[in-house]
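Novice: Below is a structure I'd like to ask you about.
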Amino acid sequence: WGAWDFKDERNVVRPIANFDKIPYKDLANRKFPKNSWQTDEKYVRDFIKEANSLVDRMTEGIYAEYGHPTKKADGTLLTAEEIEARNALFQVKIGPLERGENAVSFINQIGMDALTRKLLHAMITNDEFYFVLGGHSAAAGHGNNFPQQKTMQFHYIMEPVFHKLGMRLISRNLAMGGYGTLHFSMGQAELYGEKDFLQWDSSMTEKGSGPKDIFSKQALMNGERVPILFQSFTGNLNEETNGTAWLGDVIAGTNLEL
């Protein structure tokens with residue numbers, strides 16, 4: 001599939017921007033040091049080109065892992081129609097998911113815009129990105145090998161990608177057996193810590209709307225970072241935030257057979 005092959009053609013030691021006294025690292029473009037990589041248009045264009053190639057290779061690896069590689073076992077390639085069908089099957093729907101529509105997940109448009117801004121900001125400032133999971137025992141990985149739990153698998157796949165793109169990915173599995181999320185939600189800032197992307201997975205132990213509502217609202221009110229929320233029930237959160245909440249979810253039971 002290829003390998004990372006980015007090189008700085010200038011072959012010089014570039015100055016490093018100092019974000020120590022800049023709130024949230026929101027340094028104005030004009031204040032970046034002269035000749036820093038962030039100010040070099042060619043460097044940035046070449047970097048983005050190589051980054052896109054890396055993401056394409058990673059995506060192809062995921063397709064192959066699930067039995068849908070572009071290159072088949074007999075050496076032939078998928079047809080344009082087969083690629084279209086596969087991409088529809090694995091799509092992340094931006095916007096509301098219609099009944100009967102196939103997708104592995106969905107996210108609202110402002111949530112996708114927020115994720116884009118978060119990633120770009122972290123790339124430009126070489127910042128951290130926090131993925132946090134709250135939930136019950138199955139989400140915690142009880143009864144399974146812990147490295148196979150979904151937070152750990154996400155980190156295993158994505159951390160090298162984040163690293164190449166200049167970010168530090170921090171993934172936290174804070175699900176707990178026998179409880180769920182309610183007790184942690186009361187102290188999210190201290191117990192969950194900072195969150196850029198927060199997923200709820202506690203449907204086995206938390207059936208009512210109350211714990212889910214507290215989970216969402218505490219997430220939005222606590223900490224320095226506002227997270228993108230992935231959970232199955234958000235109640236009136238969209239209306240209560242005047243349509244500004246960043247919302248989505250993974251689709252349970254997706255059939256990945258064509």
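We name chains A, B, ... following the order of the structure tokens; residues begin at 1 in each chain, and ligands are numbered from 1 as shown.
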Please identify all polymer residues within 7 Å of Glu206 (chain A), counting only C-alpha atoms, omitting same-chain residues fewer than 4 positions from it, and present them as an NGL selection string.

Specialist: :A and (180 or 202 or 211)

Novice: Output as a tab-separated table one row per residue of region 56-161 of chain A within 10 Å of region 30-42 of chain A: the closest atom pair and its distance in Å to one decimal place, counting only C-alpha atoms, sorted by chain and residue number ascending.

Specialist:
```
residue	atom	partner	partner_atom	distance
A:Met123	CA	A:Gln38	CA	9.8
A:Ile124	CA	A:Gln38	CA	6.7
A:Thr125	CA	A:Gln38	CA	8.9
```

Novice: From the options A:Ile110, A:Lys207, A:Gln218, A:Arg86, which residue's atoms come nearest to Ser232 (chain A), counting only C-alpha atoms?

Specialist: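 Ranking A:Ile110, A:Lys207, A:Gln218, A:Arg86 by distance to Ser232 (chain A), first place goes to A:Lys207.
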
Novice: Hey, can you check how far CA of Asp113 (chain A) sits from CA of Trp246 (chain A)?

Specialist: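 Pair CA of Asp113 (chain A) / CA of Trp246 (chain A) returns 8.9 Å.
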
Novice: Let me make sure I understand: among A:Ala175, A:Val12, A:Ile228, A:Leu54, which one has the smallest atom-to-atom distance to Thr205 (chain A) if we use only C-alpha atoms?

Specialist: A:Ala175

Novice: Distance CA of Val132 (chain A)-CA of Thr244 (chain A), one decimal place?

Specialist: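 Interatomic distance here is 20.7 Å.
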
Novice: Determine the nearest neighbour of Ala245 (chain A) from the options A:Lys71, A:Gly111, A:Lys150, A:Phe19, counting only C-alpha atoms.

Specialist: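 Between A:Lys71, A:Gly111, A:Lys150, A:Phe19, the residue approaching Ala245 (chain A) most closely is A:Gly111.
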
Novice: Do you have, as CSV, the list of residues of region 128-199 of chain A lying at most 12 Å from region 45-48 of chain A, each with its nearest atom pair and that distance in Å to one decimal, counting only C-alpha atoms and ordered by chain then number?

Specialist:
```
residue,atom,partner,partner_atom,distance
A:Lys164,CA,A:Phe47,CA,10.1
A:Leu165,CA,A:Phe47,CA,8.5
A:Gly166,CA,A:Phe47,CA,10.6
```

Novice: Keeping only all heavy atoms, write those residues as a PDB file, in the first residue's frame.

Specialist:
```pdb
ATOM      1  N   LYS A 164       1.900  10.768  12.899  1.00  0.00           N
ATOM      2  CA  LYS A 164       2.480  11.266  11.649  1.00  0.00           C
ATOM      3  C   LYS A 164       1.971  12.663  11.318  1.00  0.00           C
ATOM      4  O   LYS A 164       2.681  13.462  10.698  1.00  0.00           O
ATOM      5  CB  LYS A 164       2.151  10.309  10.500  1.00  0.00           C
ATOM      6  CG  LYS A 164       2.915   8.996  10.525  1.00  0.00           C
ATOM      7  CD  LYS A 164       4.405   9.211  10.316  1.00  0.00           C
ATOM      8  CE  LYS A 164       5.135   7.882  10.183  1.00  0.00           C
ATOM      9  NZ  LYS A 164       6.609   8.087  10.080  1.00  0.00           N
ATOM     10  N   LEU A 165       0.744  12.955  11.720  1.00  0.00           N
ATOM     11  CA  LEU A 165       0.155  14.254  11.413  1.00  0.00           C
ATOM     12  C   LEU A 165       0.453  15.303  12.490  1.00  0.00           C
ATOM     13  O   LEU A 165      -0.090  16.404  12.459  1.00  0.00           O
ATOM     14  CB  LEU A 165      -1.356  14.112  11.225  1.00  0.00           C
ATOM     15  CG  LEU A 165      -1.787  13.154  10.103  1.00  0.00           C
ATOM     16  CD1 LEU A 165      -3.289  13.190   9.932  1.00  0.00           C
ATOM     17  CD2 LEU A 165      -1.088  13.502   8.790  1.00  0.00           C
ATOM     18  N   GLY A 166       1.288  14.937  13.455  1.00  0.00           N
ATOM     19  CA  GLY A 166       1.764  15.914  14.429  1.00  0.00           C
ATOM     20  C   GLY A 166       0.911  16.065  15.662  1.00  0.00           C
ATOM     21  O   GLY A 166       1.066  17.036  16.414  1.00  0.00           O
TER      22      GLY A 166
END
```

Novice: When you look at region 233-243 of chain A with a cut-off of 12 Å (counting only C-alpha atoms), what residues show up, excluding the ones that are within fewer than 6 positions of it in the same chain? I need them as a list in words.

Specialist: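 Near region 233-243 of chain A, the qualifying residues are Asn108, Gln109, Ile110, Gly111, Gln199, Trp200, Asp201, Ser202, Ser203, Glu206, Lys207, Gly208, Ser209, Gly210, Pro211, Lys212, Asp213, Ile214, Phe215, Ser216, Lys217, Gln218, Ala219, Leu220, Met221, Asp249 and Val250 of chain A.
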
Novice: So that I have them on file, write out the residues from the current selection with N, CA and C atoms, as a compact mmCIF listing (two decimals), in the first residue's frame.

Specialist:
```
# COMPACT_ATOMS: atom_id res chain seq x y z
N ASN A 108 -23.87 15.12 12.69
CA ASN A 108 -24.51 16.29 12.09
C ASN A 108 -23.45 17.19 11.45
N GLN A 109 -23.90 18.06 10.57
CA GLN A 109 -22.97 18.87 9.78
C GLN A 109 -22.08 19.74 10.67
N ILE A 110 -22.66 20.37 11.69
CA ILE A 110 -21.84 21.23 12.54
C ILE A 110 -20.87 20.39 13.37
N GLY A 111 -21.25 19.13 13.65
CA GLY A 111 -20.33 18.24 14.34
C GLY A 111 -19.14 17.89 13.46
N GLN A 199 -17.86 9.24 23.68
CA GLN A 199 -18.85 8.24 23.27
C GLN A 199 -19.53 7.61 24.49
N TRP A 200 -20.85 7.49 24.42
CA TRP A 200 -21.65 6.83 25.46
C TRP A 200 -22.00 5.44 24.98
N ASP A 201 -21.78 4.42 25.83
CA ASP A 201 -22.14 3.04 25.49
C ASP A 201 -22.58 2.33 26.77
N SER A 202 -23.81 2.61 27.19
CA SER A 202 -24.28 2.08 28.47
C SER A 202 -25.74 1.66 28.42
N SER A 203 -26.19 1.21 27.25
CA SER A 203 -27.61 0.90 27.09
C SER A 203 -28.04 -0.32 27.90
N GLU A 206 -28.33 1.49 31.64
CA GLU A 206 -29.00 2.78 31.77
C GLU A 206 -30.10 2.89 30.72
N LYS A 207 -31.30 2.47 31.10
CA LYS A 207 -32.42 2.42 30.16
C LYS A 207 -33.16 3.76 30.07
N GLY A 208 -33.21 4.49 31.15
CA GLY A 208 -33.97 5.73 31.16
C GLY A 208 -33.23 6.88 30.50
N SER A 209 -33.96 7.98 30.27
CA SER A 209 -33.36 9.13 29.60
C SER A 209 -32.52 9.98 30.55
N GLY A 210 -32.78 9.90 31.87
CA GLY A 210 -32.10 10.76 32.82
C GLY A 210 -30.59 10.67 32.80
N PRO A 211 -30.02 9.46 32.99
CA PRO A 211 -28.55 9.34 32.99
C PRO A 211 -27.92 9.81 31.68
N LYS A 212 -28.60 9.56 30.55
CA LYS A 212 -28.05 9.98 29.26
C LYS A 212 -28.04 11.50 29.15
N ASP A 213 -29.11 12.11 29.65
CA ASP A 213 -29.21 13.57 29.59
C ASP A 213 -28.14 14.22 30.47
N ILE A 214 -27.94 13.66 31.68
CA ILE A 214 -26.90 14.19 32.57
C ILE A 214 -25.52 14.00 31.95
N PHE A 215 -25.29 12.84 31.36
CA PHE A 215 -24.01 12.56 30.71
C PHE A 215 -23.69 13.62 29.66
N SER A 216 -24.67 13.92 28.80
CA SER A 216 -24.46 14.88 27.72
C SER A 216 -24.21 16.29 28.25
N LYS A 217 -25.05 16.72 29.18
CA LYS A 217 -24.97 18.10 29.64
C LYS A 217 -23.74 18.35 30.51
N GLN A 218 -23.38 17.37 31.33
CA GLN A 218 -22.15 17.52 32.11
C GLN A 218 -20.94 17.58 31.19
N ALA A 219 -21.00 16.82 30.10
CA ALA A 219 -19.88 16.83 29.15
C ALA A 219 -19.70 18.21 28.53
N LEU A 220 -20.82 18.86 28.24
CA LEU A 220 -20.74 20.17 27.60
C LEU A 220 -20.36 21.28 28.57
N MET A 221 -20.67 21.10 29.84
CA MET A 221 -20.43 22.16 30.82
C MET A 221 -19.09 22.05 31.53
N ASP A 249 -23.51 9.28 16.16
CA ASP A 249 -23.48 7.98 16.83
C ASP A 249 -23.00 6.91 15.86
N VAL A 250 -22.57 5.79 16.43
CA VAL A 250 -22.25 4.59 15.66
C VAL A 250 -23.54 3.80 15.49
```

Novice: List every residue of region 11-117 of chain A that DSSP, applied to the backbone, labels as strand (DSSP E), and write the result as number ranges by chain.

Specialist: A: 92-94, 105-107

Novice: For Glu190 (chain A), work out the shell of residues within 10 Å, counting only C-alpha atoms and skipping chain neighbours fewer than 6 positions away, then give it as a list of chain:residue names.

Specialist: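 Residues near the query, excluding close chain neighbours: A:Phe184, A:Asn222, A:Gly223.
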
Novice: Can I get the selection written as an mmCIF file, in the first residue's frame, with all heavy atoms?

Specialist:
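Writing done, so here's selection_3.cif:
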```cif
data_model
loop_
_atom_site.group_PDB
_atom_site.id
_atom_site.type_symbol
_atom_site.label_atom_id
_atom_site.label_comp_id
_atom_site.auth_asym_id
_atom_site.auth_seq_id
_atom_site.Cartn_x
_atom_site.Cartn_y
_atom_site.Cartn_z
ATOM 1 N N PHE A 184 -20.055 8.802 37.296
ATOM 2 C CA PHE A 184 -18.938 9.536 36.710
ATOM 3 C C PHE A 184 -19.400 10.881 36.163
ATOM 4 O O PHE A 184 -18.642 11.854 36.163
ATOM 5 C CB PHE A 184 -18.300 8.717 35.584
ATOM 6 C CG PHE A 184 -17.087 7.925 36.012
ATOM 7 C CD1 PHE A 184 -17.013 7.388 37.289
ATOM 8 C CD2 PHE A 184 -16.037 7.710 35.151
ATOM 9 C CE1 PHE A 184 -15.907 6.657 37.689
ATOM 10 C CE2 PHE A 184 -14.916 6.986 35.532
ATOM 11 C CZ PHE A 184 -14.850 6.458 36.811
ATOM 12 N N ASN A 222 -18.453 20.891 31.498
ATOM 13 C CA ASN A 222 -17.234 20.670 32.264
ATOM 14 C C ASN A 222 -16.011 20.641 31.371
ATOM 15 O O ASN A 222 -16.067 20.162 30.238
ATOM 16 C CB ASN A 222 -17.320 19.343 33.030
ATOM 17 C CG ASN A 222 -18.236 19.446 34.236
ATOM 18 O OD1 ASN A 222 -17.952 20.182 35.168
ATOM 19 N ND2 ASN A 222 -19.347 18.735 34.208
ATOM 20 N N GLY A 223 -14.912 21.115 31.899
ATOM 21 C CA GLY A 223 -13.647 21.064 31.181
ATOM 22 C C GLY A 223 -13.445 22.258 30.265
ATOM 23 O O GLY A 223 -14.315 23.110 30.096
#
```
